[in-house]
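Here's the structure we're looking at; comments come further down.
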Amino acid sequence: MNQDSNRRTIILLITFLAGFSFLVFEVSWFRVLSLALGATVKASTVVLTAYMAGLGAGAWYWGHALRKKASTLTKLRILFAGIAVTGTASLFVFSAIIPAIYHRLASAGITVNASSWLVMIFSLIILFIPSFFMGGVLPLTARLLIRKNEEISNLTGRLYASETLGSVLGGLAAGFVLVRYLGQQKTFLTAVAINLLLLTITLLIKNIPAEISEETSALKGKENKKQTNQGNDERQLKNRKSAALTGTFLFGFAVLGLQIVWYRIFRIYMTNTSYTFSLIAAVVILGLFAGSRYFAARFRKTPEVHNMFRLLWLSAAVVFAGFLVLLRLPELVMFPLAGDENDYFRRIILLPVLSSLIVILPLTFLSGYAFPLACALYSGNHKDIGSGIGKVMLFNTLGSITGPVVAAFILIPVAGAALSVLFFAAALAGGAGFTARYRAGDKPSELAAKVSFGMAILLIIFTFIGPEQKILPPSFSRFNREIVEYAESTEGTWVVGREPGGDRTALSTYVNNSAVIGSSYDAVKVVKMVGHLPFLTGLQCRNVLVVGFGIGVTTSAIASHAEVETIDCVELVSGIRGAAHYYSGLNNNIQNDPRLRIMQGDGRQYLQSTGKKYDLISSDPTHPILGSGSLYTREYFELCKARLNPGGMVSQYLPLHKLLPDDLLGIIKTFRLVFPGATIWLGHNHAVLLGINGKADFNFINWSERIEQLPKDPYFYSNPYHLAACLILDQQSIDRYTAGQRINTDDKPLTEFFRLASFEQANLPGNLEMLNRMRTNPVDVFSQVPDSARIQRFTEGNKLLISGLAASFRGDRPGFFTRLQQAVNVNPEDEEYPFLLRFYGSR
């Protein structure tokens with residue numbers, strides 16, 4: 001008995017470690033492929049589909065391969081060796097081969113869309129291979145573990161619980177620790193090493209015979225006879241198998257489909273960080289673990305069809321209840337538990353976890369319960385457990401493939417994210433109707449089937465013709481904002497809101513939970529600087545690429561320069577163009593400019609797949625710790641440089657808030673490494689990165705002439721000395737002040753794996769004061785400055801302004817006005833200071 005216990009412990013440990021490594025692989029693949037294929041919902045859905053297809057095909061193949069001569073343990077060794085080898089190969093392919101393929105296709109003149117599809121298909125084939133090996137682990141370990149018919153329910157539940165517990169810990173380890181401290185490549189290799197360890201363990205342990213013991217063999221006839229008596233007839237056994245496959249398909253369909261929908265909704269409600277969605281994914285798998293463990297601990301009897309029927313009905317009810325909670329999640333959960341605005345742990349960690357536990361965990365718990373139930377229903381004899389689990393996994397993954405595709409490509413675009421939830425409730429209710437028909441055929445079963453189908457039809461009708469259910473950023477309900485316009489797409493939701501008080505109040509526009517633009521003077525000024533600075537510093541520009549349209553303020557600044565002939569713009573949520581007309585006073589109706597071409601997609605992926613070169617690449621992404629971290633890495637800057645014509649320039653927004661000083665300096669150093677002539681500019685309390693593919697030559701005479709040609713703009717004070725004083729760092733000062741700082745790379749993305757201290761309000765004034773101390777003298781950068789004393793006055797005034805802004809952000813409003821008045825006294829010529837005194841004094 002002790003030997004049998006040791007055998008079980010070893011097998012469960014192997015399954016646990018395998019589950020751990022699989023989630024490390026999965027997180028790594030999704031991260032790497034989001035860089036190669038684009039960080040879009042559509043791309044991630046296709047990647048998920050390929051991964052699940054590999055798992056399902058592998059489970060079915062290796063489950064049936066048990067009938068072949070080689071021992072089960074030998075096949076398990078083959079799996080771990082295959083995972084290690086193909087996993088290592090996939091790292092090389094995704095990091096080295098795919099960029100080379102993009103380059104070859106672009107050089108051959110293949111269109112962006114065609115090359116994207118070709119690379120995607122190739123990537124999915126590569127991903128399918130290791131996941132095919134992964135899919136075989138559970139059927140093989142089940143065959144090694146389960147020796148008696150009466151063990152099927154209990155041990156199947158324990159086995160699945162071990163695998164999912166490993167997955168939970170593997171996902172958390174990769175999302176919070178491994179990538180942050182080891183880097184992406186070493187995280188990948190950690191998963192490879194675990195599978196090599198598992199291979200070693202299986203080589204060292206004695207062979208575990210898959211065939212039944214002599215005692216069990218002697219009882220075989222009795223057990224088969226007993227099974228036949230329990231099943232009554234072949235038809236009842238067939239019904240049990242049909243109920244098992246129907247149930248497991250629908251749970252896969254609902255859980256994975258809803259995962260796409262949940263993520264879309266949570267992106268609107270929650271702060272968008274890598275930690276947030278790692279936690280949500282962990283809660284999904286935690287539910288699977290808890291449900292399977294509960295099944296193993298409590299389910300002792302032989303499962304029947306009605307067990308799956310009740311489970312499907314309960315799941316439909318749980319999803320419907322979750323739908324009602326989701327509609328009011330801010331009021332029910334987020335606002336009551338928000339606490340102090342400086343409680344970042346609560347905002348970034350606690351709220352997503354609690355919300356997931358309320359909305360997501362109930363269904364995933366039931367799904368975790370359903371999987372071993374389906375295996376027990378399908379596999380009446382322990383000798384068939386491997387092939388039975390393989391068949392159940394195949395149907396579960398077929399549902400897991402279908403659900404995300406339906407959610408991403410049909411439900412969200414047609415019905416919206418909120419009502420999409422009801423469709424999955426309908427699917428579960430309909431599945432309950434089918435399983436009711438697999439029962440004995442009595443009148444209660446027929447009535448249950450009719451009620452189930454009726455509820456499913458009602459829910460489907462409501463999904464597609466029911467009243468629109470809007471999912472809004474929490475600030476809308478908290479501040480009672482009026483909805484001016486609202487639209488959803490697969491990639492995101494955009495909404496234009498107005499503060500209560502009438503048509504003259506300021507508008508605010510959001511994509512998911514990120515403000516596209518603020519109406520404040522500082523926000524508008526800096527995005528206009530992103531557009532104007534390259535031209536003012538001497539760029540000869542005909543063709544422009546803009547990464548991120550927003551509501552078009554940066555693009556309109558670029559378009560105001562008559563020499564520009566074409567403007568290509570890549571926008572993840574391209575429908576946001578529909579909001580641009582609300583800001584015509586800021587963007588001059590740029591959406592109607594015939595030179596503008598807006599393409600839906602991921603800007604970084606476009607840069608990889610296009611062969612076109614540009615004179616200017618301008619980027620105004622969201623914050624690097626709030627979803628745009630991949631647009632602030634060395635590799636992204638190198639992509640930009642590779643797509644520039646000689647003498648071309650890159651201009652990019654750089655936030656100063658929510659960044660620790662070391663992270664800010666790390667981004668600046670990274671940019672400088674790629675663009676040796678880099679300069680950093682300050683637009684109020686925001687910064688601009690400016691780089692050139694060549695040698696920079698800032699001639700003040702030419703600078704002044706170009707500024708004089710700018711149209712008058714109340715949001716952009718166009719005095720050449722004033723704008724020159726906004727220059728903060730040149731290449732020499734960057735080198736001096738960033739020595740010893742780590743650079744930001746795809747392998748070690750510093751901003752994505754931030755510390756919670758990044759959210760402290762003190763970072764913004766601290767970064768302003770730091771840059772103010774570091775600032776270079778514009779006279780050392782500009783040549784032919786006609787009046788150096790004048791530029792010094794403007795620089796001293798700008799220093800006082802920045803010092804005053806830092807004081808203001810520390811809560812010292814009198815100190816802000818004192819320094820601003822000092823700036824007026826130092827340089828009365830600068831017209832911006834009196835304007836700011838009036839602007840802020842009236843608020």
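By order of appearance in the structure tokens: chains A, B, ..., then residues from 1 within every chain, and ligands from 1 in the order shown.
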Skip Leu690 (chain A) itself and residues of its chain fewer than 3 positions away, then list as a PDB file with N, CA and C atoms, in the first residue's frame all residues within 7 Å of it, counting only C-alpha atoms.
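The result, written out as part02.pdb:
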ATOM      1  N   VAL A 650      12.227  60.678 -35.501  1.00  0.00           N
ATOM      2  CA  VAL A 650      11.215  60.061 -34.648  1.00  0.00           C
ATOM      3  C   VAL A 650      10.869  61.047 -33.546  1.00  0.00           C
ATOM      4  N   SER A 651       9.578  61.284 -33.338  1.00  0.00           N
ATOM      5  CA  SER A 651       9.129  62.089 -32.195  1.00  0.00           C
ATOM      6  C   SER A 651       8.123  61.256 -31.419  1.00  0.00           C
ATOM      7  N   GLN A 652       8.258  61.255 -30.100  1.00  0.00           N
ATOM      8  CA  GLN A 652       7.395  60.390 -29.293  1.00  0.00           C
ATOM      9  C   GLN A 652       7.111  61.036 -27.950  1.00  0.00           C
ATOM     10  N   ALA A 678      19.923  62.121 -29.960  1.00  0.00           N
ATOM     11  CA  ALA A 678      18.636  62.318 -29.293  1.00  0.00           C
ATOM     12  C   ALA A 678      18.624  63.583 -28.445  1.00  0.00           C
ATOM     13  N   THR A 679      17.446  64.196 -28.386  1.00  0.00           N
ATOM     14  CA  THR A 679      17.211  65.322 -27.483  1.00  0.00           C
ATOM     15  C   THR A 679      15.881  65.097 -26.773  1.00  0.00           C
ATOM     16  N   ILE A 680      15.773  65.686 -25.566  1.00  0.00           N
ATOM     17  CA  ILE A 680      14.551  65.576 -24.762  1.00  0.00           C
ATOM     18  C   ILE A 680      14.015  66.979 -24.546  1.00  0.00           C
TER      19      ILE A 680
END
**Q.** Spatial neighbours of region 752-766 of chain A, max dist 6 Å, only C-alpha atoms, sep filter under 4 positions, as a PyMOL selection string
**A.** chain A and resi 180+625+629+656-660+806+809
Q.
From a backbone DSSP assignment, name each residue in region 758-807 of chain A labelled helix (DSSP H, G or I), as a ChimeraX atom specification.
A. /A:758-759,763-774,778-780,788-807
Q.
Could you list, as a list of chain:residue names, every residue within 10 Å of Ala290 (chain A), counting only C-alpha atoms and ignoring same-chain residues fewer than 2 positions away?
A. A:Gly157, A:Ala161, A:Thr164, A:Leu165, A:Ile285, A:Leu286, A:Gly287, A:Leu288, A:Ser292, A:Arg293, A:Tyr294, A:Phe295, A:Ala296, A:Leu361, A:Thr364, A:Phe365, A:Leu366, A:Ser367, A:Gly368, A:Tyr369
Residues as selected, N, CA, C and O atoms, written as a compact mmCIF listing (two decimals), in the first residue's frame, can you do that?
# COMPACT_ATOMS: atom_id res chain seq x y z
N GLY A 157 -10.10 13.63 -10.55
CA GLY A 157 -10.20 14.95 -9.93
C GLY A 157 -8.89 15.40 -9.33
O GLY A 157 -8.47 16.55 -9.49
N ALA A 161 -6.61 18.49 -10.59
CA ALA A 161 -6.32 19.51 -9.59
C ALA A 161 -4.82 19.77 -9.50
O ALA A 161 -4.37 20.92 -9.38
N THR A 164 -3.80 21.83 -12.64
CA THR A 164 -4.27 23.22 -12.62
C THR A 164 -3.62 24.03 -11.49
O THR A 164 -3.37 25.22 -11.65
N LEU A 165 -3.31 23.40 -10.35
CA LEU A 165 -2.59 24.10 -9.29
C LEU A 165 -1.20 24.51 -9.79
O LEU A 165 -0.75 25.64 -9.56
N ILE A 285 -7.75 29.99 -13.62
CA ILE A 285 -7.21 28.64 -13.42
C ILE A 285 -7.41 28.18 -11.98
O ILE A 285 -7.60 26.99 -11.71
N LEU A 286 -7.38 29.12 -11.04
CA LEU A 286 -7.63 28.78 -9.64
C LEU A 286 -9.02 28.16 -9.49
O LEU A 286 -9.20 27.21 -8.73
N GLY A 287 -10.00 28.69 -10.20
CA GLY A 287 -11.33 28.11 -10.17
C GLY A 287 -11.34 26.69 -10.69
O GLY A 287 -12.01 25.81 -10.12
N LEU A 288 -10.59 26.42 -11.76
CA LEU A 288 -10.50 25.07 -12.29
C LEU A 288 -9.89 24.12 -11.26
O LEU A 288 -10.37 22.99 -11.07
N SER A 292 -12.02 21.02 -9.44
CA SER A 292 -11.58 19.62 -9.61
C SER A 292 -11.20 19.00 -8.27
O SER A 292 -11.46 17.81 -8.03
N ARG A 293 -10.60 19.81 -7.40
CA ARG A 293 -10.22 19.28 -6.08
C ARG A 293 -11.48 18.97 -5.25
O ARG A 293 -11.52 17.96 -4.52
N TYR A 294 -12.49 19.82 -5.37
CA TYR A 294 -13.75 19.58 -4.67
C TYR A 294 -14.41 18.30 -5.18
O TYR A 294 -14.94 17.50 -4.40
N PHE A 295 -14.37 18.10 -6.49
CA PHE A 295 -14.93 16.88 -7.08
C PHE A 295 -14.21 15.66 -6.52
O PHE A 295 -14.85 14.66 -6.15
N ALA A 296 -12.87 15.72 -6.46
CA ALA A 296 -12.10 14.58 -5.97
C ALA A 296 -12.42 14.27 -4.51
O ALA A 296 -12.46 13.11 -4.10
N LEU A 361 -14.72 33.41 -10.86
CA LEU A 361 -14.45 32.17 -10.14
C LEU A 361 -15.63 31.20 -10.09
O LEU A 361 -15.42 29.99 -10.25
N THR A 364 -15.65 29.17 -13.35
CA THR A 364 -14.47 28.33 -13.54
C THR A 364 -14.41 27.22 -12.49
O THR A 364 -13.89 26.13 -12.76
N PHE A 365 -14.95 27.46 -11.30
CA PHE A 365 -15.07 26.40 -10.30
C PHE A 365 -15.94 25.27 -10.83
O PHE A 365 -15.59 24.09 -10.74
N LEU A 366 -17.08 25.62 -11.39
CA LEU A 366 -17.98 24.61 -11.93
C LEU A 366 -17.36 23.90 -13.13
O LEU A 366 -17.55 22.70 -13.33
N SER A 367 -16.59 24.65 -13.92
CA SER A 367 -15.90 24.03 -15.06
C SER A 367 -14.83 23.06 -14.58
O SER A 367 -14.65 21.98 -15.16
N GLY A 368 -14.11 23.45 -13.51
CA GLY A 368 -13.13 22.53 -12.93
C GLY A 368 -13.78 21.27 -12.39
O GLY A 368 -13.21 20.18 -12.45
N TYR A 369 -14.99 21.39 -11.85
CA TYR A 369 -15.76 20.24 -11.38
C TYR A 369 -16.22 19.39 -12.56
O TYR A 369 -16.27 18.16 -12.49
Q: Go through A:Ala432, A:Leu33, A:Ala174, A:Val496 one by one, measure the shortest atom-to-atom distance of each to Tyr51 (chain A) using only C-alpha atoms, and give the residue with the smallest value.
A: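 Under the stated criterion, the closest residue is A:Leu33.
Proximity to Ser90 (chain A) was assessed for A:Arg775, A:Leu189, A:Val325, A:Leu140 counting only C-alpha atoms; the smallest distance is recorded for A:Leu189.
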(Q) Can you tell me which residues surround Leu199 (chain A) at a distance of at most 6 Å, considering only C-alpha atoms, apart from same-chain residues fewer than 3 positions away, and format the answer as a list in words? (A) Arg77, Phe80, Leu196 and Thr202 of chain A
Q: Check the smallest atom-to-atom distance from each of A:Leu76, A:Gln591, A:Lys525, A:Arg542 to Ser556 (chain A) using only C-alpha atoms, then report the winner.
A: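 Comparing A:Leu76, A:Gln591, A:Lys525, A:Arg542 against Ser556 (chain A), the winner is A:Gln591.
Atom to atom, CA of Arg819 (chain A) and CA of Glu769 (chain A) stand 13.5 Å apart.
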